Each structure stands twice: as structure tokens, then as C-alpha cells.
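Student: One file is attached below, target.pdb, containing PDB, C-alpha atoms.
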```pdb
ATOM      1  CA  MET A   1      -4.996  11.906  -6.843
ATOM      2  CA  SER A   2      -5.271  14.197  -3.837
ATOM      3  CA  SER A   3      -5.678  13.143  -0.208
ATOM      4  CA  PRO A   4      -9.474  13.774  -0.081
ATOM      5  CA  ASP A   5      -9.922  11.576  -3.166
ATOM      6  CA  LEU A   6      -7.890   8.742  -1.643
ATOM      7  CA  VAL A   7      -9.415   9.019   1.842
ATOM      8  CA  PRO A   8     -13.025  10.220   1.516
ATOM      9  CA  ASN A   9     -14.941  11.367   4.547
ATOM     10  CA  ASP A  10     -16.905   8.144   5.018
ATOM     11  CA  LEU A  11     -13.684   6.122   5.194
ATOM     12  CA  TRP A  12     -11.938   8.594   7.504
ATOM     13  CA  GLU A  13     -14.890   8.796   9.909
ATOM     14  CA  ARG A  14     -14.754   5.032  10.401
ATOM     15  CA  ILE A  15     -11.009   4.599  10.717
ATOM     16  CA  ALA A  16     -10.045   7.676  12.741
ATOM     17  CA  PRO A  17     -11.380   6.329  16.103
ATOM     18  CA  LEU A  18      -9.408   3.108  15.564
ATOM     19  CA  LEU A  19      -5.986   4.716  15.121
ATOM     20  CA  PRO A  20      -3.624   4.626  18.121
ATOM     21  CA  PRO A  21      -2.736   8.029  19.600
ATOM     22  CA  HIS A  22       0.668   9.541  18.997
ATOM     23  CA  PRO A  23       3.112   9.415  21.935
ATOM     24  CA  PRO A  24       3.138  12.627  23.984
ATOM     25  CA  ARG A  25       5.666  15.218  22.919
ATOM     26  CA  ARG A  26       8.404  16.316  25.267
ATOM     27  CA  ARG A  27       8.013  19.709  26.850
ATOM     28  CA  HIS A  28      11.523  21.062  26.357
ATOM     29  CA  HIS A  29      12.481  19.129  23.222
ATOM     30  CA  PRO A  30       9.195  18.439  21.428
ATOM     31  CA  GLY A  31      10.774  17.839  18.040
ATOM     32  CA  ARG A  32       8.905  17.971  14.775
ATOM     33  CA  ARG A  33       5.136  17.632  14.828
ATOM     34  CA  PRO A  34       3.887  14.256  13.507
ATOM     35  CA  ILE A  35       2.411  14.155  10.030
ATOM     36  CA  ASP A  36      -1.391  14.169   9.921
ATOM     37  CA  ASP A  37      -2.783  10.635  10.018
ATOM     38  CA  ARG A  38      -5.164  11.282   7.134
ATOM     39  CA  MET A  39      -2.267  12.245   4.866
ATOM     40  CA  ALA A  40      -0.359   9.107   5.838
ATOM     41  CA  LEU A  41      -3.443   6.967   5.164
ATOM     42  CA  ALA A  42      -3.792   8.631   1.769
ATOM     43  CA  GLY A  43      -0.229   7.571   0.951
ATOM     44  CA  ILE A  44      -0.955   3.997   2.013
ATOM     45  CA  VAL A  45      -4.086   3.860  -0.154
ATOM     46  CA  TYR A  46      -2.105   5.426  -3.030
ATOM     47  CA  VAL A  47       0.503   2.669  -2.873
ATOM     48  CA  LEU A  48      -2.212   0.013  -2.530
ATOM     49  CA  ARG A  49      -4.034   1.245  -5.622
ATOM     50  CA  THR A  50      -1.131   2.108  -7.907
ATOM     51  CA  GLY A  51       1.498  -0.416  -6.787
ATOM     52  CA  VAL A  52       4.337   2.136  -6.802
ATOM     53  CA  ALA A  53       7.340   1.771  -4.528
ATOM     54  CA  TRP A  54       7.168   3.602  -1.216
ATOM     55  CA  ARG A  55      10.002   5.891  -2.256
ATOM     56  CA  ASP A  56       7.973   6.998  -5.292
ATOM     57  CA  VAL A  57       4.991   8.326  -3.315
ATOM     58  CA  PRO A  58       4.527  11.940  -4.539
ATOM     59  CA  ALA A  59       5.015  13.939  -1.351
ATOM     60  CA  SER A  60       3.872  17.143  -3.052
ATOM     61  CA  THR A  61       0.473  15.605  -3.797
ATOM     62  CA  ILE A  62      -0.047  13.341  -0.788
ATOM     63  CA  GLY A  63       1.453  15.639   1.812
ATOM     64  CA  CYS A  64       4.052  13.279   3.296
ATOM     65  CA  SER A  65       6.863  11.005   2.195
ATOM     66  CA  GLY A  66       6.545   7.325   1.381
ATOM     67  CA  VAL A  67       8.807   6.439   4.309
ATOM     68  CA  THR A  68       6.348   8.070   6.707
ATOM     69  CA  CYS A  69       3.459   6.199   5.072
ATOM     70  CA  TRP A  70       5.327   2.896   5.440
ATOM     71  CA  ARG A  71       5.999   3.586   9.113
ATOM     72  CA  ARG A  72       2.328   4.323   9.762
ATOM     73  CA  LEU A  73       1.388   1.131   7.919
ATOM     74  CA  ARG A  74       3.785  -0.770  10.184
ATOM     75  CA  ASP A  75       2.520   0.876  13.366
ATOM     76  CA  TRP A  76      -1.163   0.512  12.497
ATOM     77  CA  THR A  77      -0.691  -3.088  11.414
ATOM     78  CA  GLU A  78       0.972  -3.944  14.711
ATOM     79  CA  ALA A  79      -1.872  -2.150  16.528
ATOM     80  CA  GLY A  80      -4.485  -4.304  14.749
ATOM     81  CA  VAL A  81      -6.265  -1.408  13.043
ATOM     82  CA  TRP A  82      -7.095  -3.148   9.753
ATOM     83  CA  PRO A  83      -8.966  -6.211  11.119
ATOM     84  CA  ARG A  84     -11.036  -3.938  13.376
ATOM     85  CA  LEU A  85     -11.932  -1.703  10.441
ATOM     86  CA  HIS A  86     -12.950  -4.749   8.412
ATOM     87  CA  GLN A  87     -15.110  -6.071  11.250
ATOM     88  CA  LEU A  88     -16.760  -2.671  11.697
ATOM     89  CA  LEU A  89     -17.768  -2.573   8.040
ATOM     90  CA  LEU A  90     -19.046  -6.159   8.151
ATOM     91  CA  ASP A  91     -21.255  -5.169  11.095
ATOM     92  CA  GLU A  92     -22.646  -2.277   9.081
ATOM     93  CA  LEU A  93     -23.304  -4.510   6.087
ATOM     94  CA  ARG A  94     -25.203  -7.001   8.217
ATOM     95  CA  ALA A  95     -27.223  -4.224   9.852
ATOM     96  CA  ALA A  96     -28.182  -2.999   6.373
ATOM     97  CA  GLY A  97     -29.216  -6.510   5.282
ATOM     98  CA  LEU A  98     -26.400  -6.708   2.739
ATOM     99  CA  LEU A  99     -24.698  -9.849   4.066
ATOM    100  CA  ASP A 100     -25.842 -13.378   3.232
ATOM    101  CA  LEU A 101     -24.103 -15.627   5.749
ATOM    102  CA  ASN A 102     -26.099 -18.718   4.861
ATOM    103  CA  ASP A 103     -23.750 -19.521   1.970
ATOM    104  CA  ALA A 104     -20.005 -18.943   1.774
ATOM    105  CA  ALA A 105     -17.342 -19.801  -0.796
ATOM    106  CA  ILE A 106     -13.619 -20.360  -0.326
ATOM    107  CA  ASP A 107     -10.639 -20.478  -2.685
ATOM    108  CA  GLY A 108      -6.960 -19.578  -3.081
ATOM    109  CA  SER A 109      -4.950 -17.561  -5.594
ATOM    110  CA  HIS A 110      -1.211 -17.489  -6.324
ATOM    111  CA  VAL A 111       0.834 -14.275  -6.531
ATOM    112  CA  ARG A 112       4.514 -13.852  -7.289
ATOM    113  CA  ALA A 113       6.756 -12.697  -4.421
ATOM    114  CA  LEU A 114       9.722 -10.624  -5.561
ATOM    115  CA  LYS A 115      11.368 -10.562  -2.131
ATOM    116  CA  ARG A 116      12.182 -13.330   0.278
ATOM    117  CA  GLY A 117      10.436 -13.246   3.611
ATOM    118  CA  ASP A 118       7.789 -14.863   5.738
ATOM    119  CA  HIS A 119       5.148 -16.984   3.994
ATOM    120  CA  VAL A 120       7.071 -17.283   0.727
ATOM    121  CA  GLY A 121       7.590 -20.629  -0.997
ATOM    122  CA  PRO A 122       8.157 -22.213  -4.400
ATOM    123  CA  SER A 123       5.016 -21.716  -6.435
ATOM    124  CA  PRO A 124       3.809 -24.884  -8.221
ATOM    125  CA  VAL A 125       2.075 -22.804 -10.894
ATOM    126  CA  ASP A 126       5.085 -20.550 -11.635
ATOM    127  CA  ARG A 127       7.912 -23.049 -12.253
ATOM    128  CA  GLY A 128       8.944 -23.050  -8.616
ATOM    129  CA  ARG A 129       9.623 -19.322  -8.436
ATOM    130  CA  PRO A 130       9.127 -17.663  -5.033
ATOM    131  CA  GLY A 131       5.476 -16.919  -4.462
ATOM    132  CA  SER A 132       2.718 -16.506  -1.943
ATOM    133  CA  LYS A 133      -0.910 -17.515  -1.922
ATOM    134  CA  HIS A 134      -3.978 -15.519  -0.962
ATOM    135  CA  HIS A 135      -6.740 -17.509   0.732
ATOM    136  CA  LEU A 136     -10.193 -15.966   0.783
ATOM    137  CA  ILE A 137     -13.653 -16.758   2.120
ATOM    138  CA  VAL A 138     -16.660 -14.698   0.999
ATOM    139  CA  ASP A 139     -20.404 -14.618   1.592
ATOM    140  CA  ALA A 140     -23.021 -15.377  -1.065
ATOM    141  CA  HIS A 141     -22.613 -11.884  -2.564
ATOM    142  CA  GLY A 142     -18.819 -12.049  -2.713
ATOM    143  CA  THR A 143     -18.249  -9.828   0.313
ATOM    144  CA  PRO A 144     -14.848 -10.771   1.822
ATOM    145  CA  LEU A 145     -15.244 -12.237   5.304
ATOM    146  CA  ALA A 146     -11.621 -13.241   5.972
ATOM    147  CA  VAL A 147      -8.372 -13.355   4.032
ATOM    148  CA  SER A 148      -4.910 -14.752   4.748
ATOM    149  CA  VAL A 149      -1.518 -15.130   3.096
ATOM    150  CA  THR A 150       0.713 -18.227   3.075
ATOM    151  CA  GLY A 151       3.652 -19.572   1.113
ATOM    152  CA  GLY A 152       3.014 -20.423  -2.507
ATOM    153  CA  ASN A 153       3.544 -24.128  -1.845
ATOM    154  CA  ARG A 154       0.813 -24.444   0.792
ATOM    155  CA  HIS A 155      -2.211 -26.507  -0.190
ATOM    156  CA  ASP A 156      -5.582 -24.755  -0.212
ATOM    157  CA  VAL A 157      -7.176 -27.219   2.192
ATOM    158  CA  THR A 158      -4.682 -26.374   4.947
ATOM    159  CA  GLN A 159      -6.288 -22.927   5.236
ATOM    160  CA  MET A 160      -9.931 -23.969   5.249
ATOM    161  CA  LEU A 161     -10.253 -24.278   9.023
ATOM    162  CA  PRO A 162      -8.016 -21.271   9.863
ATOM    163  CA  LEU A 163     -10.070 -19.086   7.526
ATOM    164  CA  LEU A 164     -13.324 -20.187   9.133
ATOM    165  CA  ALA A 165     -11.820 -19.425  12.539
ATOM    166  CA  ALA A 166     -10.689 -15.994  11.275
ATOM    167  CA  ILE A 167     -14.243 -14.848  10.478
ATOM    168  CA  PRO A 168     -14.925 -12.186  13.133
ATOM    169  CA  PRO A 169     -18.099 -12.145  15.235
ATOM    170  CA  ILE A 170     -20.360 -10.149  12.915
ATOM    171  CA  ARG A 171     -22.938  -8.085  14.745
ATOM    172  CA  GLY A 172     -25.386  -5.522  13.434
ATOM    173  CA  VAL A 173     -28.687  -7.174  14.388
ATOM    174  CA  ARG A 174     -30.180  -8.346  17.657
ATOM    175  CA  GLY A 175     -29.072 -11.707  18.934
ATOM    176  CA  ARG A 176     -25.789 -13.548  18.912
ATOM    177  CA  PRO A 177     -23.149 -12.442  16.417
ATOM    178  CA  ARG A 178     -22.641 -14.737  13.420
ATOM    179  CA  ARG A 179     -19.241 -16.403  13.011
ATOM    180  CA  LYS A 180     -19.946 -19.169  10.526
ATOM    181  CA  PRO A 181     -22.001 -19.871   7.424
ATOM    182  CA  ARG A 182     -24.551 -22.644   7.091
ATOM    183  CA  ARG A 183     -23.076 -23.993   3.854
ATOM    184  CA  LEU A 184     -19.524 -23.805   2.501
ATOM    185  CA  TYR A 185     -18.882 -24.114  -1.245
ATOM    186  CA  ALA A 186     -15.461 -25.159  -2.498
ATOM    187  CA  ASP A 187     -13.765 -26.891  -5.406
ATOM    188  CA  ARG A 188     -12.385 -30.419  -5.360
ATOM    189  CA  GLY A 189      -9.082 -29.256  -3.902
ATOM    190  CA  TYR A 190     -10.856 -29.081  -0.534
ATOM    191  CA  ASP A 191     -12.347 -32.582  -0.750
ATOM    192  CA  TYR A 192     -10.830 -34.362   2.256
ATOM    193  CA  PRO A 193     -12.892 -36.576   4.595
ATOM    194  CA  SER A 194     -11.345 -35.163   7.773
ATOM    195  CA  HIS A 195     -12.220 -31.606   6.792
ATOM    196  CA  ARG A 196     -15.723 -32.610   5.788
ATOM    197  CA  ARG A 197     -16.230 -34.191   9.210
ATOM    198  CA  HIS A 198     -14.926 -31.094  10.948
ATOM    199  CA  LEU A 199     -17.364 -28.899   9.021
ATOM    200  CA  TRP A 200     -20.290 -31.137   9.971
ATOM    201  CA  LYS A 201     -19.235 -30.975  13.635
ATOM    202  CA  ARG A 202     -19.293 -27.185  13.466
ATOM    203  CA  GLY A 203     -22.775 -27.234  11.973
ATOM    204  CA  ILE A 204     -21.596 -26.269   8.477
ATOM    205  CA  LYS A 205     -22.762 -28.274   5.484
ATOM    206  CA  PRO A 206     -19.836 -28.920   3.082
ATOM    207  CA  VAL A 207     -20.826 -28.457  -0.558
ATOM    208  CA  ILE A 208     -17.559 -29.535  -2.133
ATOM    209  CA  ALA A 209     -16.920 -31.124  -5.517
ATOM    210  CA  ARG A 210     -15.700 -34.709  -5.275
ATOM    211  CA  ARG A 211     -12.176 -35.562  -6.364
ATOM    212  CA  GLY A 212     -12.092 -37.838  -9.366
ATOM    213  CA  SER A 213     -15.559 -36.839 -10.503
ATOM    214  CA  PRO A 214     -15.982 -35.275 -13.961
ATOM    215  CA  HIS A 215     -16.118 -31.528 -14.224
ATOM    216  CA  GLY A 216     -19.493 -29.855 -14.468
ATOM    217  CA  SER A 217     -20.784 -30.337 -10.931
ATOM    218  CA  GLY A 218     -22.790 -27.111 -11.201
ATOM    219  CA  LEU A 219     -21.258 -25.594  -8.050
ATOM    220  CA  GLY A 220     -19.699 -22.861 -10.145
ATOM    221  CA  THR A 221     -23.064 -21.113 -10.373
ATOM    222  CA  ILE A 222     -22.645 -20.237  -6.687
ATOM    223  CA  ARG A 223     -18.887 -20.454  -6.164
ATOM    224  CA  TRP A 224     -18.019 -17.939  -8.902
ATOM    225  CA  VAL A 225     -18.403 -15.028  -6.474
ATOM    226  CA  VAL A 226     -15.092 -15.845  -4.788
ATOM    227  CA  GLU A 227     -13.320 -15.628  -8.163
ATOM    228  CA  ARG A 228     -14.894 -12.230  -8.743
ATOM    229  CA  THR A 229     -13.734 -11.033  -5.335
ATOM    230  CA  PHE A 230     -10.183 -12.117  -6.192
ATOM    231  CA  ALA A 231     -10.485  -9.949  -9.297
ATOM    232  CA  TRP A 232     -11.598  -7.057  -7.080
ATOM    233  CA  LEU A 233      -8.656  -7.615  -4.728
ATOM    234  CA  HIS A 234      -6.136  -7.748  -7.551
ATOM    235  CA  GLN A 235      -7.431  -4.481  -8.972
ATOM    236  CA  PHE A 236      -5.328  -3.075  -6.131
ATOM    237  CA  LYS A 237      -2.026  -3.305  -7.966
ATOM    238  CA  ARG A 238       0.068  -3.659  -4.822
ATOM    239  CA  LEU A 239      -1.588  -7.047  -4.220
ATOM    240  CA  ARG A 240      -0.978  -8.512  -7.699
ATOM    241  CA  ILE A 241       2.686  -9.053  -6.849
ATOM    242  CA  ARG A 242       3.947  -9.286  -3.301
ATOM    243  CA  TYR A 243       6.653  -6.686  -2.673
ATOM    244  CA  GLU A 244       6.547  -6.560   1.134
ATOM    245  CA  HIS A 245       9.255  -8.560   2.871
ATOM    246  CA  ARG A 246       7.169  -8.746   6.043
ATOM    247  CA  ALA A 247       4.115 -10.954   5.751
ATOM    248  CA  ASP A 248       2.190  -8.983   8.377
ATOM    249  CA  LEU A 249       2.421  -5.809   6.280
ATOM    250  CA  HIS A 250       1.160  -7.643   3.195
ATOM    251  CA  GLN A 251      -1.632  -9.063   5.344
ATOM    252  CA  GLY A 252      -2.438  -5.535   6.511
ATOM    253  CA  LEU A 253      -2.770  -4.346   2.918
ATOM    254  CA  LEU A 254      -5.040  -7.312   2.190
ATOM    255  CA  ASP A 255      -7.274  -6.419   5.134
ATOM    256  CA  LEU A 256      -7.381  -2.780   4.046
ATOM    257  CA  ALA A 257      -8.369  -3.811   0.513
ATOM    258  CA  CYS A 258     -11.164  -5.998   1.910
ATOM    259  CA  SER A 259     -12.392  -3.022   3.945
ATOM    260  CA  LEU A 260     -12.439  -0.807   0.858
ATOM    261  CA  ILE A 261     -14.466  -3.454  -1.000
ATOM    262  CA  CYS A 262     -16.957  -3.591   1.889
ATOM    263  CA  LEU A 263     -17.196   0.205   1.966
ATOM    264  CA  ARG A 264     -17.806   0.290  -1.777
ATOM    265  CA  ARG A 265     -20.658  -2.171  -1.349
ATOM    266  CA  LEU A 266     -22.183   0.027   1.352
ATOM    267  CA  ARG A 267     -21.995   3.075  -0.911
ATOM    268  CA  THR A 268     -23.641   1.425  -3.915
ATOM    269  CA  SER A 269     -26.531   0.021  -1.888
ATOM    270  CA  PHE A 270     -28.081   3.305  -0.802
TER     271      PHE A 270
END
```
What does this structure look like when you write it as C-alpha cells?

Tutor:
Amino acid sequence: MSSPDLVPNDLWERIAPLLPPHPPRRRHHPGRRPIDDRMALAGIVYVLRTGVAWRDVPASTIGCSGVTCWRRLRDWTEAGVWPRLHQLLLDELRAAGLLDLNDAAIDGSHVRALKRGDHVGPSPVDRGRPGSKHHLIVDAHGTPLAVSVTGGNRHDVTQMLPLLAAIPPIRGVRGRPRRKPRRLYADRGYDYPSHRRHLWKRGIKPVIARRGSPHGSGLGTIRWVVERTFAWLHQFKRLRIRYEHRADLHQGLLDLACSLICLRRLRTSF
């Protein structure tokens, strides 16, 4: 894959204004010129898609080394580039009438963590091996609205309220930006009275399966979209297993993957 294939023009046009400028070069000792940002982004997308180690990024094809790509990922993550890109694409989706914020679905998914680090814990579904958990909230079409990463031993319900708070103010049409859905669909793991009360106070109707009730509530006919979005996320091989020691870098890759999913939805709707 070449750089133009990994970073097409529509992606580059949206992300280029968000990137922080390079520090000014010294007059007498300018040093080596910085690698082009588009090449570095191509390396980041290459690692995200293929799951290869940073040292295995093909410099002859991408145009820069994997170490440079990792450094740009670190710098751009610390600068908050990925959440702003995600919010920009959500605004465009709403302006195009492609977001349904009346209904939202929430769920979590376990991934194995091969390195120790922040937000890593014993996974209850993997015999206590180190793992992390992805928490995701989507709209009625499965468009990712917010995503987070925690330790593998964190309960899903602990991230319900933080995920709702993480939904950015989505603009795109006249009036106030939307920051919350009208109804929230979830499985019985989220069935706690305190959280139900909090949702009602925020004006959100909880549509959550009751604990202890038999399976077959029928909510799966709406809630299945979040499972499909997890499948979309884990098509990016770097997200199937957590390799990053730093949780913020893994979070940055998650946000970038959500942005690519949003961009793909924009492309297929015109």
C-alpha cells in the first residue's frame, strides 16, 4: 500500500488543518528537515490496519520509518488531534442527515494486552490474563459517537456515564448542538437503579434488559448495531490485541479508527 492509498485526499483535507505546526528551525543549525506529515500519517494508518510492529513499517513504501510514525502518533495524540477529527466528521454526518441521535446503544468488548501499562487488568473472560476493555456508544446506525479503554477487570456499567459525557457537541444543523440521545439501549449488565435514575435526570430514557429476566427481551433487534461496530473496529488489526504500553496512544488509535469508520459512511452515502 502506498501513501496515497492509505491517506486519500478526503482524509488529508480534513486532518491537515488540525495538525500542530512543526517548531521553527534554527537559522545557523537547522538540522534535518522534518518528514512530511502525510507520510507519517500513512505509516500510522498502515500500522492500524495491518497490526505490524512499528519497527516493521516499510520505509521504502511509506516514505518514513516506523519510529518517526510512532513519534507523530505520540505528538498528535498529546495535541488532541484525533478527538477533533472525530468530532468534525460527526458534524458532517449530522449535516448530511446520516446521524440518528434519537437512539443509541452501548456495550463493551475485551481485548488481550500483551504489555503492562495503564488501563490493564486481569481479564475475567481470558483466565485472568492481562487485558483491556473497549467501551463504545453508537447511534442507531452504528456510527461511533465515543469510545474509551479501561482495564479488563472494569465492569461495563462503570463506563456508561463517562461515555455519555464523552459524546462531543455535534453540530451540523441550526440550533443547539446535540450531546445526548433520547433513548439508550443496553444489555442487562447495565441494569442498575442508580444509573437508570441518572439517565432519567439527564432526559434519556433507559431501555435496558432487566437482570434475572429470561433472555429474549427483543432489544437485540436495535442493540445489534453496537456489536457490528465492534466488528468494524476490530477489522483494524492493531486494535484486536493491545500492544501499546501507553493507554493514551491506544486511545488515539481507537479515535482514529472511529474517524475512518465515519469517513467511510460519508463516502458510501453519496

Student: Calculated over only C-alpha atoms, which of the candidates A:Gly152, A:Glu92, A:Ala209, A:Asp103 has the smallest distance to Arg127 in chain A?

Tutor: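 The closest residue to Arg127 in chain A is A:Gly152.
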
Student: Pick out the residues sitting within 12 Å of Gly128 in chain A, and hand them over as a PyMOL selection string; count all atoms listed in the file, and ignore anything fewer than 3 positions along from it in its own chain.

Tutor: chain A and resi 110+112-113+120-125+131-132+151-153

Student: Would you pick out the contacts of His141 in chain A at 8 Å or less, using only C-alpha atoms, so that residues sharing its chain but fewer than 5 positions from it are not included, and give the list as number ranges by chain?

Tutor: A: 99-100, 225

Student: Store the residues picked out above, limited to C-alpha atoms, as a tab-separated table (two decimals), keeping the file's coordinate frame.

Tutor:
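Output saved as again_8.tsv:
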```
chain	number	residue	atom	x	y	z
A	99	LEU	CA	-24.70	-9.85	4.07
A	100	ASP	CA	-25.84	-13.38	3.23
A	225	VAL	CA	-18.40	-15.03	-6.47
```

Student: Find the residue from A:Ala247, A:Leu219, A:Met160, A:Leu6 that sits nearest to Lys115 in chain A; use only C-alpha atoms when measuring.

Tutor: A:Ala247

Student: Report the centre and edge lengths, in Å to one decimal, of an axis-aligned box enclosing every atom of range 223-238 of chain A listed in the file, padded by 6 Å on each side, as JSON.

Tutor:
```
{"center_x": -9.4, "center_y": -11.8, "center_z": -7.0, "size_x": 31.0, "size_y": 29.4, "size_z": 16.6}
```

Student: Considering all atoms listed in the file, state which residue in the set A:Val173, A:Ala186, A:Ala40, A:Val149 is at the smallest distance from Ala96 in chain A.

Tutor: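 Ranking A:Val173, A:Ala186, A:Ala40, A:Val149 by distance to Ala96 in chain A, first place goes to A:Val173.
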
Student: Given the file above and the PyMOL selection byres ((chain A and resi 182) around 6), which residues are selected, and can you give them as number ranges by chain?

Tutor: A: 102, 181, 183, 204

Student: Just say which residues the PyMOL selection byres ((chain A and resi 77-88) around 10) picks in this file, as JSON, numbers by chain.

Tutor: {"A": [11, 14, 15, 16, 17, 18, 19, 20, 71, 72, 73, 74, 75, 76, 89, 90, 91, 92, 93, 144, 145, 146, 166, 167, 168, 169, 170, 171, 172, 248, 249, 250, 251, 252, 253, 254, 255, 256, 257, 258, 259, 260, 261, 262, 263]}
